[in-house]
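Everything on this sheet refers to the single structure shown next.
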Amino acid sequence: MKRPPIQLLPLLAWLLAACQSVQPLSIDYMLPAEASFPPSLRRVAVVNNMPDAPHTGLSTEEADAPDTPYEVARKTEIHTGNAAIATEALANALADGNYFDQVIICDSALRAHDTQPRESTLSAEEIDNLARDLGADFLVAVENVQLRSTTRIHFLPDLALHYGTVDVKTYATCRLYLPGRRTPAGTILCTDSIYWEEPTLPAGPVLQPLIPQDELIVAASDFAGASAADYLLPHWKTATRYLFTGGNVHMRDAAVYVREQNWPDAIALWQHLYEQKKGKQKFYAACNIALGYEMQDNIDAAIQWAERAVQAAHGLAREELHAYGYLQELKERQEGMARLKVQMQRFEE
């Protein structure tokens with residue numbers, strides 16, 4: 001289970017506490033991959049190039065001192081991930097993405113016969129042989145998966161109960177190989193996190209496993225492999241936006257248009273308010289107009305209005321912070337659109 005975007009929580013708390021009515025909205029949009037592949041690369045083989053790691057727990061740190069009043073115990077462990085599970089999860093995620101014509105998985109651990117565990121890139125001979133034998137245009141090799149798990153025990157005195165959490169950060173390294181090249185064509189460093197929560201624990205601050213170690217490694221390795229696909233494929237993202245809906249009759253009428261997905265008429269009302277109002281009302285209208293254009297995939301116009309929202313919020317610290325943050329998200333979308341267009345050209349042929 002991925003951690004929610006906790007950096008948005010203070011913003012949401014401010015919005016909910018404000019006099020202005022606020023409606024959260026979800027928006028789905030596609031992001032480009034970190035790596036771009038020419039349309040000629042249509043068959044990919046996913047291989048396991050991790051050194052054999054016989055020990056499930058690579059190392060363990062001593063229990064740490066609690067860092068909050070309600071935290072009574074904390075312990076961090078570092079594990080080597082299960083390479084076979086991560087490789088299979090990555091191959092399945094790439095296949096589910098329907099981006100390449102064919103995804104092949106090499107079940108064998110290429111370093112299984114090493115006399116000593118080692119991390120090594122594939123040689124030119126290995127690349128050519130694997131690509132030929134597997135019928136692939138290029139290779140994606142899983143070369144390292146590390147897991148850092150932090151177990152915390154908390155006590156809530158008002159409820160007189162203990163609860164525990166396990167937060168696992170995953171670190172995966174994948175390299176791209178092309179036949180005929182002696183060195184990797186690219187290296188992808190993939191980071192993500194997954195966590196578990198146990199709401200009821202026996203009394204007492206005794207640090208105990210909340211999930212069996214083998215189960216944790218299997219689940220986190222599968223998650224790490226699947227998450228790496230987002231670095232290799234264009235993928236969808238769900239983001240939260242905020243619509244200002246109260247304060248006057250025009251804002252309420254515009255909210256009705258929004259419920260009907262009639263963004264042009266809603267924008268017309270907000271533009272009237274923007275021209276007539278000052279201060280926070282002008283800021284609210286500009287933010288809504290930017291959102292209206294984003295919902296219609298007109299990112300250039302959305303950025304223009306987000307910039308006006310920043311100007312309207314001048315001197316209003318929290319409003320300016322919100323407008324600036326939204327502006328940065330829009331600019332990131334805009335910057336990725338050119339790469340996304342190139343990456344999706346393979347479907348235009």
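Note on naming: chains are A, B, ... as they come in the structure tokens, residues start from 1 per chain, ligands start from 1 in the order shown.
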Taking only residues of range 140-225 of chain A that have an atom at most 12 Å from an atom of range 98-108 of chain A, what is each one's shortest atom pair and its distance in Å to one decimal, using only C-alpha atoms, in chain and number order, as a Markdown table?
| residue | atom | partner | partner_atom | distance |
| --- | --- | --- | --- | --- |
| A:Val140 | CA | A:Ile105 | CA | 9.6 |
| A:Ala141 | CA | A:Cys106 | CA | 9.7 |
| A:Val142 | CA | A:Cys106 | CA | 10.9 |
>> Which of range 244-344 of chain A end up as alpha helix (DSSP H) when DSSP is run on this backbone - answer as a PyMOL selection string?
In response: chain A and resi 249-259+263-276+279-295+299-312+317-343
> Running DSSP on the backbone, which parts of range 60-286 of chain A land in strand (DSSP E), as a ChimeraX atom specification?
Replying inline: /A:60,71-80,102-111,138-156,161-177,186-201,235-244
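Across A:Ile127, A:Val218, A:Val342, A:Met30, the tightest approach to Val168 in chain A is made by A:Val218 when counting only C-alpha atoms.
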